[in-house]
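> This is structure27.cif (mmCIF, C-alpha atoms).
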data_final
#
loop_
_atom_site.label_atom_id
_atom_site.label_comp_id
_atom_site.auth_asym_id
_atom_site.auth_seq_id
_atom_site.Cartn_x
_atom_site.Cartn_y
_atom_site.Cartn_z
CA MET A 1409 24.99 4.27 39.66
CA ARG A 1410 26.72 7.55 40.52
CA HIS A 1411 29.00 7.21 37.48
CA VAL A 1412 26.05 6.51 35.18
CA THR A 1413 24.05 9.40 36.62
CA VAL A 1414 26.87 11.97 36.44
CA MET A 1415 27.81 11.01 32.89
CA ALA A 1416 24.18 10.96 31.74
CA LEU A 1417 23.13 14.24 33.39
CA THR A 1418 26.14 16.20 32.15
CA GLY A 1419 25.56 14.69 28.73
CA SER A 1420 21.89 15.55 29.02
CA LEU A 1421 22.62 19.23 29.56
CA GLY A 1422 25.05 19.32 26.67
CA MET A 1423 22.75 17.32 24.40
CA SER A 1424 19.82 19.57 25.34
CA PHE A 1425 21.72 22.61 24.18
CA MET A 1426 22.56 20.90 20.88
CA PHE A 1427 18.87 20.14 20.34
CA LEU A 1428 18.10 23.67 21.51
CA VAL A 1429 19.56 24.88 18.20
CA ASP A 1430 16.67 23.14 16.45
CA ALA A 1431 14.01 24.09 19.00
CA ALA A 1432 15.12 27.74 19.18
CA THR A 1433 14.97 27.96 15.39
CA LEU A 1434 11.37 26.76 15.34
CA PHE A 1435 10.45 29.03 18.28
CA TRP A 1436 11.67 32.20 16.57
CA ILE A 1437 10.20 31.21 13.22
CA GLY A 1438 6.93 30.76 15.11
CA ARG A 1439 7.21 34.47 16.03
CA LEU A 1440 6.69 35.22 12.31
CA HIS A 1441 3.22 33.57 12.49
CA ASP A 1442 3.54 31.72 9.19
CA SER A 1443 2.48 28.06 9.32
CA LYS A 1444 4.12 27.42 5.92
CA MET A 1445 7.52 28.38 7.33
CA MET A 1446 7.00 26.19 10.40
CA ALA A 1447 5.91 23.25 8.25
CA ALA A 1448 8.88 23.79 5.91
CA VAL A 1449 11.36 23.67 8.79
CA GLY A 1450 9.54 20.56 10.00
CA PHE A 1451 9.95 18.81 6.64
CA ALA A 1452 13.60 19.89 6.26
CA GLY A 1453 14.42 19.05 9.88
CA ASN A 1454 13.06 15.56 9.41
CA VAL A 1455 15.39 15.05 6.45
CA LEU A 1456 18.34 16.53 8.37
CA PHE A 1457 17.67 14.05 11.17
CA PHE A 1458 19.07 11.41 8.78
CA THR A 1459 22.39 13.26 8.72
CA LEU A 1460 22.41 13.72 12.51
CA SER A 1461 21.76 10.02 12.96
CA ALA A 1462 24.64 9.11 10.64
CA GLY A 1463 26.89 11.34 12.72
CA ILE A 1464 25.71 9.68 15.95
CA GLY A 1465 26.51 6.26 14.48
CA MET A 1466 30.07 7.30 13.64
CA MET A 1467 30.46 8.90 17.06
CA ILE A 1468 29.39 5.68 18.80
CA ALA A 1469 31.81 3.65 16.67
CA THR A 1470 34.63 5.97 17.74
CA VAL A 1471 33.65 5.70 21.43
CA VAL A 1472 33.63 1.90 21.25
CA LEU A 1473 37.08 1.69 19.63
CA VAL A 1474 38.79 4.40 21.67
CA SER A 1475 37.32 3.44 25.06
CA ARG A 1476 38.44 -0.18 24.66
CA ASN A 1477 42.03 0.84 24.00
CA LEU A 1478 41.99 3.31 26.87
CA GLY A 1479 40.57 0.63 29.19
CA ALA A 1480 43.31 -1.77 28.07
CA GLY A 1481 46.02 0.88 28.67
CA LYS A 1482 46.84 1.35 24.95
CA ARG A 1483 46.84 5.17 24.90
CA GLU A 1484 49.02 5.66 21.80
CA GLU A 1485 46.80 3.40 19.71
CA ALA A 1486 43.78 5.30 21.05
CA ARG A 1487 45.37 8.62 19.97
CA ALA A 1488 45.98 7.32 16.46
CA GLN A 1489 42.40 6.03 16.30
CA VAL A 1490 40.99 9.41 17.35
CA THR A 1491 42.75 11.23 14.52
CA SER A 1492 41.82 8.62 11.93
CA ALA A 1493 38.20 8.52 13.14
CA LEU A 1494 37.91 12.32 12.81
CA MET A 1495 39.30 12.17 9.27
CA ILE A 1496 37.08 9.27 8.21
CA ALA A 1497 33.93 10.78 9.73
CA PHE A 1498 34.61 14.16 8.07
CA VAL A 1499 34.97 12.60 4.61
CA LEU A 1500 32.00 10.22 4.97
CA GLN A 1501 29.67 12.94 6.24
CA SER A 1502 30.76 15.24 3.40
CA LEU A 1503 29.85 12.53 0.88
CA PHE A 1504 26.53 11.98 2.66
CA ALA A 1505 25.78 15.73 2.48
CA LEU A 1506 26.53 15.72 -1.24
CA LEU A 1507 24.20 12.76 -1.79
CA MET A 1508 21.41 14.45 0.19
CA TRP A 1509 21.87 17.66 -1.82
CA PHE A 1510 21.42 15.85 -5.15
CA PHE A 1511 18.19 14.16 -4.01
CA ARG A 1512 16.73 16.92 -1.81
CA ASP A 1513 13.75 17.63 -4.08
CA PRO A 1514 12.34 14.09 -4.35
CA ILE A 1515 13.01 13.42 -0.66
CA LEU A 1516 10.98 16.48 0.38
CA LEU A 1517 8.24 15.67 -2.13
CA TRP A 1518 7.91 12.12 -0.81
CA ALA A 1519 7.65 13.50 2.72
CA GLY A 1520 4.57 15.49 1.66
CA ALA A 1521 5.98 19.00 1.08
CA SER A 1522 4.49 20.98 -1.82
CA GLY A 1523 4.13 24.49 -3.23
CA GLU A 1524 5.64 27.37 -1.25
CA THR A 1525 6.35 25.07 1.70
CA LEU A 1526 8.52 22.88 -0.56
CA ALA A 1527 10.49 25.89 -1.86
CA ILE A 1528 11.20 27.15 1.68
CA ALA A 1529 12.23 23.68 2.84
CA GLU A 1530 14.63 23.32 -0.10
CA THR A 1531 16.34 26.62 0.77
CA PHE A 1532 16.75 25.64 4.42
CA LEU A 1533 18.07 22.19 3.52
CA THR A 1534 20.56 23.46 0.92
CA ILE A 1535 22.22 25.87 3.36
CA THR A 1536 22.32 23.55 6.37
CA LEU A 1537 23.88 20.67 4.42
CA LEU A 1538 27.04 22.78 4.10
CA SER A 1539 27.68 22.52 7.85
CA LEU A 1540 27.43 18.73 8.16
CA PRO A 1541 31.22 18.08 8.18
CA ALA A 1542 31.61 20.59 11.05
CA MET A 1543 28.73 18.92 12.91
CA VAL A 1544 30.21 15.41 12.75
CA THR A 1545 33.63 16.73 13.80
CA GLY A 1546 32.11 18.23 16.95
CA MET A 1547 30.08 15.10 17.68
CA VAL A 1548 33.04 12.72 17.31
CA ALA A 1549 35.19 15.00 19.46
CA ALA A 1550 32.50 15.05 22.17
CA GLY A 1551 32.34 11.25 21.98
CA VAL A 1552 36.11 10.98 22.44
CA LEU A 1553 35.87 13.15 25.57
CA ARG A 1554 33.21 10.78 26.92
CA ALA A 1555 35.41 7.77 26.12
CA VAL A 1556 38.18 9.25 28.28
CA GLY A 1557 35.68 10.06 31.05
CA ASP A 1558 35.70 13.88 30.70
CA ALA A 1559 31.95 14.42 31.01
CA LYS A 1560 32.30 18.12 31.82
CA ARG A 1561 34.18 19.15 28.69
CA SER A 1562 32.09 16.85 26.52
CA MET A 1563 29.11 18.82 27.82
CA TYR A 1564 30.85 22.12 27.03
CA VAL A 1565 31.27 21.09 23.38
CA THR A 1566 27.54 20.80 22.88
CA LEU A 1567 26.78 23.80 25.09
CA VAL A 1568 28.63 25.98 22.60
CA SER A 1569 26.17 25.26 19.80
CA GLY A 1570 23.20 26.07 22.03
CA PHE A 1571 24.66 29.38 23.18
CA VAL A 1572 25.43 30.44 19.60
CA ALA A 1573 21.85 29.68 18.57
CA MET A 1574 20.35 31.46 21.57
CA VAL A 1575 22.28 34.64 20.74
CA LEU A 1576 21.97 34.67 16.95
CA ASP A 1577 18.46 33.26 16.31
CA PRO A 1578 16.40 36.25 17.47
CA LEU A 1579 18.80 38.69 15.79
CA VAL A 1580 19.00 36.91 12.45
CA ILE A 1581 15.46 35.49 12.11
CA VAL A 1582 13.33 38.28 13.59
CA TYR A 1583 15.35 41.49 14.07
CA TRP A 1584 17.22 41.33 10.75
CA GLY A 1585 14.22 39.68 9.10
CA LEU A 1586 16.16 36.91 7.32
CA GLY A 1587 13.58 34.26 8.25
CA VAL A 1588 14.26 30.65 7.26
CA PRO A 1589 17.51 31.26 5.30
CA GLY A 1590 18.89 33.18 8.28
CA ALA A 1591 17.96 30.29 10.57
CA ALA A 1592 19.93 27.91 8.34
CA TRP A 1593 23.05 30.10 8.57
CA VAL A 1594 22.72 30.18 12.36
CA TRP A 1595 22.77 26.36 12.32
CA GLY A 1596 26.05 26.52 10.41
CA ALA A 1597 27.61 28.94 12.90
CA ALA A 1598 26.48 26.80 15.86
CA ARG A 1599 27.95 23.63 14.35
CA LEU A 1600 31.24 25.34 13.51
CA GLY A 1601 31.52 26.53 17.12
CA MET A 1602 30.91 23.00 18.35
CA ALA A 1603 33.65 21.60 16.10
CA VAL A 1604 36.23 24.19 17.22
CA ALA A 1605 35.48 23.60 20.91
CA GLY A 1606 35.64 19.81 20.51
CA LEU A 1607 38.98 19.84 18.73
CA TYR A 1608 40.43 22.24 21.30
CA TYR A 1609 39.53 19.96 24.23
CA VAL A 1610 40.62 16.73 22.51
CA ILE A 1611 43.93 18.10 21.20
CA GLY A 1612 44.79 21.06 23.44
CA VAL A 1613 43.63 19.70 26.80
CA HIS A 1614 43.90 15.90 26.62
CA ASN A 1615 46.50 15.53 23.85
CA LEU A 1616 44.35 12.64 22.66
CA ALA A 1617 44.96 12.99 18.94
CA ALA A 1618 48.09 11.92 17.07
CA LYS A 1619 49.42 13.63 13.95
CA PRO A 1620 47.33 12.83 10.84
CA ASP A 1621 48.52 9.58 9.31
CA PHE A 1622 46.73 8.71 6.07
CA SER A 1623 48.17 5.20 6.03
CA HIS A 1624 46.74 4.55 9.52
CA ALA A 1625 43.38 5.99 8.46
CA ARG A 1626 43.42 3.75 5.38
CA ARG A 1627 44.16 0.69 7.53
CA MET A 1628 41.50 1.67 10.06
CA LEU A 1629 38.83 2.41 7.44
CA PRO A 1630 37.59 -1.19 6.85
CA GLY A 1631 37.33 -1.97 10.57
CA PHE A 1632 35.74 1.41 11.34
CA CYS A 1633 33.18 0.99 8.57
CA LEU A 1634 32.48 -2.60 9.62
CA LEU A 1635 31.60 -1.32 13.10
CA ALA A 1636 30.06 2.00 12.06
CA LEU A 1637 27.85 0.71 9.22
CA PRO A 1638 25.41 -1.26 11.40
CA LEU A 1639 25.52 1.58 13.94
CA VAL A 1640 24.67 4.15 11.27
CA LEU A 1641 21.94 1.89 9.90
CA THR A 1642 20.62 1.56 13.45
CA GLN A 1643 20.55 5.33 13.92
CA LEU A 1644 18.99 5.94 10.49
CA SER A 1645 15.93 3.92 11.44
CA THR A 1646 14.68 6.72 13.74
CA PRO A 1647 14.58 9.47 11.07
CA PHE A 1648 13.14 6.94 8.62
CA GLY A 1649 10.29 6.28 11.05
CA GLY A 1650 9.86 10.02 11.55
CA TYR A 1651 9.83 10.47 7.78
CA LEU A 1652 7.04 7.91 7.43
CA LEU A 1653 5.04 9.50 10.26
CA THR A 1654 5.47 12.96 8.70
CA SER A 1655 4.10 11.69 5.39
CA VAL A 1656 1.07 10.27 7.22
CA MET A 1657 0.67 13.49 9.25
CA ALA A 1658 0.78 15.57 6.04
CA SER A 1659 -2.59 14.10 5.05
CA TYR A 1660 -4.14 15.97 8.01
CA GLY A 1661 -3.03 19.42 6.78
CA GLU A 1662 -0.29 22.01 7.33
CA ALA A 1663 -1.45 22.83 10.87
CA SER A 1664 -0.91 19.23 11.93
CA VAL A 1665 2.52 19.14 10.26
CA ALA A 1666 3.49 22.40 12.03
CA ALA A 1667 2.40 20.90 15.38
CA TRP A 1668 4.24 17.66 14.53
CA ALA A 1669 7.40 19.71 13.90
CA VAL A 1670 7.07 21.17 17.41
CA VAL A 1671 6.51 17.66 18.83
CA GLY A 1672 9.74 16.50 17.19
CA ARG A 1673 11.72 19.31 18.81
CA LEU A 1674 10.02 18.80 22.17
CA TYR A 1675 10.80 15.09 22.03
CA MET A 1676 14.51 15.67 21.37
CA LEU A 1677 14.83 18.50 23.88
CA THR A 1678 12.81 16.99 26.74
CA PHE A 1679 14.28 13.50 26.47
CA ALA A 1680 17.85 14.55 25.66
CA GLY A 1681 18.89 12.72 28.83
CA LEU A 1682 18.00 9.39 27.26
CA PHE A 1683 20.03 10.16 24.14
CA ALA A 1684 22.90 11.24 26.40
CA LEU A 1685 22.46 8.09 28.49
CA ALA A 1686 23.24 5.90 25.49
CA GLY A 1687 26.46 7.82 24.85
CA ALA A 1688 27.41 7.85 28.55
CA VAL A 1689 27.04 4.14 29.19
CA GLY A 1690 28.75 3.35 25.89
CA GLY A 1691 32.05 4.63 27.28
CA ILE A 1692 31.48 2.85 30.62
CA PHE A 1693 30.69 -0.44 28.88
CA GLY A 1694 33.68 -0.10 26.57
CA GLN A 1695 36.24 0.61 29.30
CA ASN A 1696 34.98 -2.20 31.57
CA ILE A 1697 34.88 -4.71 28.71
CA GLY A 1698 38.46 -3.72 27.83
CA ALA A 1699 39.45 -4.18 31.49
CA LYS A 1700 37.50 -7.50 31.77
CA LYS A 1701 35.26 -6.13 34.57
CA TRP A 1702 32.18 -8.17 33.64
CA ASP A 1703 30.29 -7.55 36.89
CA ARG A 1704 30.40 -3.82 36.17
CA VAL A 1705 29.01 -4.39 32.68
CA GLU A 1706 25.90 -6.00 34.17
CA SER A 1707 25.49 -3.40 36.93
CA THR A 1708 25.85 -0.58 34.39
CA PHE A 1709 22.96 -2.02 32.38
CA ARG A 1710 20.77 -2.25 35.47
CA ASP A 1711 21.62 1.27 36.66
CA ALA A 1712 21.03 2.71 33.20
CA LEU A 1713 17.50 1.25 33.10
CA ILE A 1714 16.75 2.71 36.55
CA PHE A 1715 18.01 6.13 35.43
CA CYS A 1716 15.90 5.83 32.29
CA ALA A 1717 12.70 5.18 34.28
CA VAL A 1718 13.24 8.00 36.79
CA TYR A 1719 14.21 10.54 34.13
CA THR A 1720 11.22 9.69 31.93
CA LEU A 1721 8.72 10.02 34.77
CA GLY A 1722 10.04 13.49 35.63
CA ALA A 1723 10.07 14.66 32.02
CA TRP A 1724 6.56 13.28 31.44
CA ALA A 1725 5.17 15.23 34.40
CA LEU A 1726 6.73 18.46 33.09
CA LEU A 1727 5.32 17.89 29.61
CA VAL A 1728 1.79 17.34 30.90
CA LEU A 1729 1.97 20.57 32.92
CA ALA A 1730 3.48 22.62 30.09
CA SER A 1731 1.55 21.31 27.06
CA SER A 1732 -0.88 24.27 26.78
CA TRP A 1733 1.92 26.81 27.22
CA VAL A 1734 3.98 25.08 24.51
CA SER A 1735 1.24 25.51 21.89
CA VAL A 1736 1.06 29.24 22.59
CA ALA A 1737 4.83 29.76 22.84
CA PHE A 1738 5.57 28.11 19.50
CA GLY A 1739 2.59 29.70 17.76
CA VAL A 1740 1.00 26.35 16.90
CA PRO A 1741 -2.22 26.86 14.88
CA ALA A 1742 -5.39 26.05 16.84
CA GLU A 1743 -6.16 23.10 14.55
CA GLY A 1744 -2.88 21.46 15.55
CA GLU A 1745 -3.04 21.86 19.34
CA HIS A 1746 -4.53 18.39 19.83
CA VAL A 1747 -1.29 16.91 18.40
CA ILE A 1748 0.71 18.58 21.19
CA ARG A 1749 -1.75 17.32 23.82
CA ALA A 1750 -1.57 13.77 22.44
CA PHE A 1751 2.21 13.82 22.71
CA ALA A 1752 2.12 15.08 26.31
CA PHE A 1753 -0.41 12.38 27.21
CA SER A 1754 1.60 9.51 25.68
CA ALA A 1755 5.14 10.71 26.52
CA GLY A 1756 5.53 8.14 29.32
CA THR A 1757 6.02 5.46 26.68
CA VAL A 1758 9.42 7.00 25.92
CA VAL A 1759 10.80 4.93 28.82
CA PHE A 1760 10.66 1.96 26.44
CA THR A 1761 12.59 3.94 23.83
CA GLY A 1762 15.24 4.58 26.48
CA ALA A 1763 15.35 0.88 27.30
CA LEU A 1764 15.85 0.18 23.58
CA PHE A 1765 18.77 2.67 23.51
CA VAL A 1766 20.47 1.03 26.49
CA SER A 1767 19.94 -2.46 25.05
CA ASN A 1768 21.47 -1.29 21.79
CA VAL A 1769 24.59 -0.14 23.65
CA VAL A 1770 24.89 -3.64 25.13
CA PHE A 1771 24.68 -5.21 21.67
CA ASN A 1772 27.16 -2.71 20.17
CA SER A 1773 29.70 -3.10 22.99
CA LEU A 1774 29.49 -6.91 22.99
CA GLN A 1775 30.07 -7.41 19.27
CA LYS A 1776 26.41 -7.74 18.23
CA PRO A 1777 25.72 -4.42 16.44
CA ILE A 1778 23.48 -6.16 13.91
CA TRP A 1779 21.02 -6.86 16.74
CA SER A 1780 20.71 -3.12 17.38
CA THR A 1781 20.05 -2.58 13.69
CA GLY A 1782 17.41 -5.31 13.66
CA PHE A 1783 15.46 -4.02 16.67
CA ASN A 1784 15.51 -0.40 15.51
CA TRP A 1785 14.31 -1.25 12.02
CA LEU A 1786 11.68 -3.60 13.44
CA ARG A 1787 10.27 -0.59 15.27
CA ASP A 1788 10.66 2.11 12.59
CA GLY A 1789 10.55 0.15 9.36
CA VAL A 1790 8.03 -2.61 10.14
CA VAL A 1791 5.76 -1.80 13.09
CA LEU A 1792 5.43 1.99 12.99
CA TRP A 1793 3.77 2.72 9.63
CA PRO A 1794 0.86 0.25 9.88
CA LEU A 1795 0.22 1.43 13.44
CA ALA A 1796 0.13 5.06 12.24
CA ILE A 1797 -2.38 4.21 9.52
CA LEU A 1798 -4.53 2.17 11.92
CA LEU A 1799 -4.52 4.57 14.87
CA GLY A 1800 -4.71 7.59 12.56
CA GLY A 1801 -7.94 6.16 11.17
CA TRP A 1802 -9.32 5.87 14.70
CA PHE A 1803 -8.01 9.07 16.34
CA GLY A 1804 -7.02 11.34 13.44
CA ALA A 1805 -3.67 13.17 13.65
CA SER A 1806 -3.39 12.32 17.36
CA GLY A 1807 -3.37 8.63 16.42
CA VAL A 1808 -0.11 9.13 14.53
CA VAL A 1809 1.46 10.30 17.81
CA TYR A 1810 0.02 7.35 19.71
CA ALA A 1811 1.48 4.97 17.11
CA GLN A 1812 4.97 6.11 18.07
CA GLY A 1813 4.31 5.21 21.72
CA VAL A 1814 2.80 1.80 21.00
CA ALA A 1815 5.73 0.86 18.73
CA ALA A 1816 8.17 1.88 21.49
CA ILE A 1817 6.41 -0.36 24.03
CA LEU A 1818 6.41 -3.41 21.76
CA VAL A 1819 9.98 -3.26 20.46
CA GLY A 1820 11.60 -1.72 23.55
CA SER A 1821 10.33 -4.55 25.74
CA LEU A 1822 11.54 -7.18 23.29
CA ALA A 1823 15.02 -5.62 22.95
CA THR A 1824 15.45 -5.35 26.74
CA TYR A 1825 14.52 -9.01 27.17
CA ALA A 1826 17.01 -10.01 24.46
CA ALA A 1827 19.81 -7.95 26.07
CA ILE A 1828 19.23 -9.53 29.47
CA ARG A 1829 19.21 -13.04 28.00
CA TYR A 1830 22.38 -12.33 26.03
CA MET A 1831 24.28 -11.04 29.08
CA HIS A 1832 23.14 -14.04 31.11
CA SER A 1833 24.36 -16.38 28.38
CA LEU A 1834 27.78 -14.70 28.41
CA LYS A 1835 27.87 -14.99 32.19
CA GLY A 1836 27.23 -18.74 31.88
CA GLU A 1837 29.97 -19.11 29.29
CA ARG A 1838 32.45 -17.30 31.55
CA ALA A 1839 31.56 -19.55 34.48
CA VAL A 1840 32.17 -22.66 32.37
CA ALA A 1841 35.49 -21.25 31.11
CA VAL A 1842 36.67 -20.56 34.69
CA GLN A 1843 35.61 -24.06 35.79
CA ASN A 1844 37.49 -25.67 32.90
CA THR A 1845 40.72 -23.86 33.80
CA GLN A 1846 40.74 -25.02 37.43
CA VAL A 1847 43.50 -27.53 38.30
CA GLU A 1848 42.59 -30.66 40.21
CA PRO A 1849 44.46 -30.94 43.56
CA ILE A 1850 47.03 -33.74 43.89
#
Can the structure in the file be given as structure tokens, please?


Amino acid sequence: MRHVTVMALTGSLGMSFMFLVDAATLFWIGRLHDSKMMAAVGFAGNVLFFTLSAGIGMMIATVVLVSRNLGAGKREEARAQVTSALMIAFVLQSLFALLMWFFRDPILLWAGASGETLAIAETFLTITLLSLPAMVTGMVAAGVLRAVGDAKRSMYVTLVSGFVAMVLDPLVIVYWGLGVPGAAWVWGAARLGMAVAGLYYVIGVHNLAAKPDFSHARRMLPGFCLLALPLVLTQLSTPFGGYLLTSVMASYGEASVAAWAVVGRLYMLTFAGLFALAGAVGGIFGQNIGAKKWDRVESTFRDALIFCAVYTLGAWALLVLASSWVSVAFGVPAEGEHVIRAFAFSAGTVVFTGALFVSNVVFNSLQKPIWSTGFNWLRDGVVLWPLAILLGGWFGASGVVYAQGVAAILVGSLATYAAIRYMHSLKGERAVAVQNTQVEPI
């Protein structure tokens, strides 16, 4: 439990600072008192969440591969995998950025952006897409540090991006008056800082990267993609669900979209510990599976769920107390304040989202990544949209927020049950295998 807590809390602080880049951007744009700018960043940020999710999927794939080899004592193979994973992730994310750039207009239009808001969102998206390769480099490097158990330096990698944003955002957005384009360039600087810090710690401190070997990367590519593809698809379900909810929210006006953009940042910032928890226990699962410590695999799952419940309760209480201040601080239009209140009221349901994250780590670590993909898309691609339409019809824009909570309860509970059953089935298989290998006494 101590290991889970330390890894998750240090990851939480680092992850919070990474999400702070996004939240700080919206905060300072709110100082300009222009709901169109806030809505534009909301639309563009929702699209960029797809790219972040793809990066998270590749980071998790790297953690799974590297942690297993480290747990099995194969350090040289782990070093080669780190270098190849960084190269593969850089190229794949660059191609993804290029694809997003070509289709940025229709994607934003389908999300509900129009007029001046659409033009501002396009500018923000075009600039920020340039920094995606740097972002995935920093994320994979932070994941490698977690795989080796260096929670402190993994936290430092993501702290860098937050500090850069905290210093540059007010200068660039407000003082120099560059507005949304300036905010996009700050994102680029923050991501570049994260990449440099990550590579320094992985290479300079841990010597955990071999010399680039294109033949090794080519051999590793099929296996990496086979593992990463379902992980990326799993991660992409969340922005897809957010994209659908944004399109529904757009029907309630720009004020509601601006408030929804704030909710998105609040969600990521407040519950960063749960996102960090998934990354933290991934390394713990991987090392113990590699070392054949099956009892620790089960106890890690239990302790992660306990951490998830305690963390969510604390964060929920803070949100309820701070909801009115948040609306004022971010300059949310009066017509959108009820969206913030609805989120604060229903935030306790995020505990089921955390349970889904932990269950997904179990599936990924135990060779069932397709199960993670299935549960995530059940929530975001099947359940979420009809719930948003139904509850939106009953409660207006607030109903769209409630739909997110109800979907989390339904699918999170189901995924947790499936993970427990799967681990119990493996435990039974191991018991039978041990029994079959026993020698009868003479």

> To verify the selection step, state as a PyMOL selection string which residues the PyMOL selection byres ((chain A and resi 1720-1735) around 12) yields on this input.

chain A and resi 1431+1434-1435+1438+1663-1664+1666-1671+1673-1683+1685+1713-1719+1736-1763

> I would like the residues chosen by the PyMOL selection byres ((chain A and resi 1533-1545) around 9) on the shown file; could you give them as an MDAnalysis selection string?

chainID A and resid 1449 1452:1453 1455:1456 1459:1460 1462:1464 1466:1467 1494:1495 1497:1502 1504:1506 1508:1509 1512 1528:1532 1546:1550 1589 1592:1604 1606:1607

> Separation of CA of Ala1796 in chain A and CA of Gly1661 in chain A, in Å?

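Between CA of Ala1796 in chain A and CA of Gly1661 in chain A the gap works out to 15.7 Å.
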
> Please provide the set of residues having any atom within 8 Å of Leu1637 in chain A, restricted to all atoms listed in the file, with same-chain residues fewer than 4 positions apart removed, written as a list in words.

Gly1465, Cys1633 and Leu1641 of chain A

> Atoms to include: C-alpha atoms. Write the selected residues as a PDB file, in the coordinates of the input.


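out_35.pdb was written with the following content:
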ATOM      1  CA  GLY A1465      26.510   6.260  14.480  1.00  0.00           C
ATOM      2  CA  CYS A1633      33.180   0.990   8.570  1.00  0.00           C
ATOM      3  CA  LEU A1641      21.940   1.890   9.900  1.00  0.00           C
TER       4      LEU A1641
END

> Could you tell me how far CA of Ala1469 in chain A sits from CA of Leu1635 in chain A, in Å to one decimal place?

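Computed distance, CA of Leu1635 in chain A to CA of Ala1469 in chain A, equals 6.1 Å.
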
> Can you tell me how far CA of Thr1708 in chain A sits from CA of Gln1643 in chain A, in Å to one decimal?

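CA of Thr1708 in chain A sits 22.0 Å away from CA of Gln1643 in chain A.
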
> As a PyMOL selection string, please: the residues near Gly1587 in chain A (cut-off 10 Å, all atoms listed in the file, same-chain neighbours under 3 positions excluded).

chain A and resi 1433+1436-1437+1440+1445+1528+1532+1577-1578+1580-1584+1590-1592

> Give as a CSV table (one decimal) with C-alpha atoms, keeping the file's coordinate frame each residue that has an atom at most 6 Å from (25.8, -6.6, 12.2) in the file, counting only C-alpha atoms.


chain,number,residue,atom,x,y,z
A,1638,PRO,CA,25.4,-1.3,11.4
A,1777,PRO,CA,25.7,-4.4,16.4
A,1778,ILE,CA,23.5,-6.2,13.9

> On this file, the PyMOL selection byres ((chain A and resi 1523) around 12) gives some set of residues; write that set as a VMD selection string.

chain A and resid 1444 to 1445 1447 to 1448 1513 1516 to 1517 1520 to 1522 1524 to 1530 1662

> For Thr1470 in chain A, which residue out of A:Lys1701, A:Glu1706, A:Leu1579, A:Ser1773 is the nearest one, using all atoms listed in the file?

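Closest to Thr1470 in chain A of all the choices is A:Ser1773.
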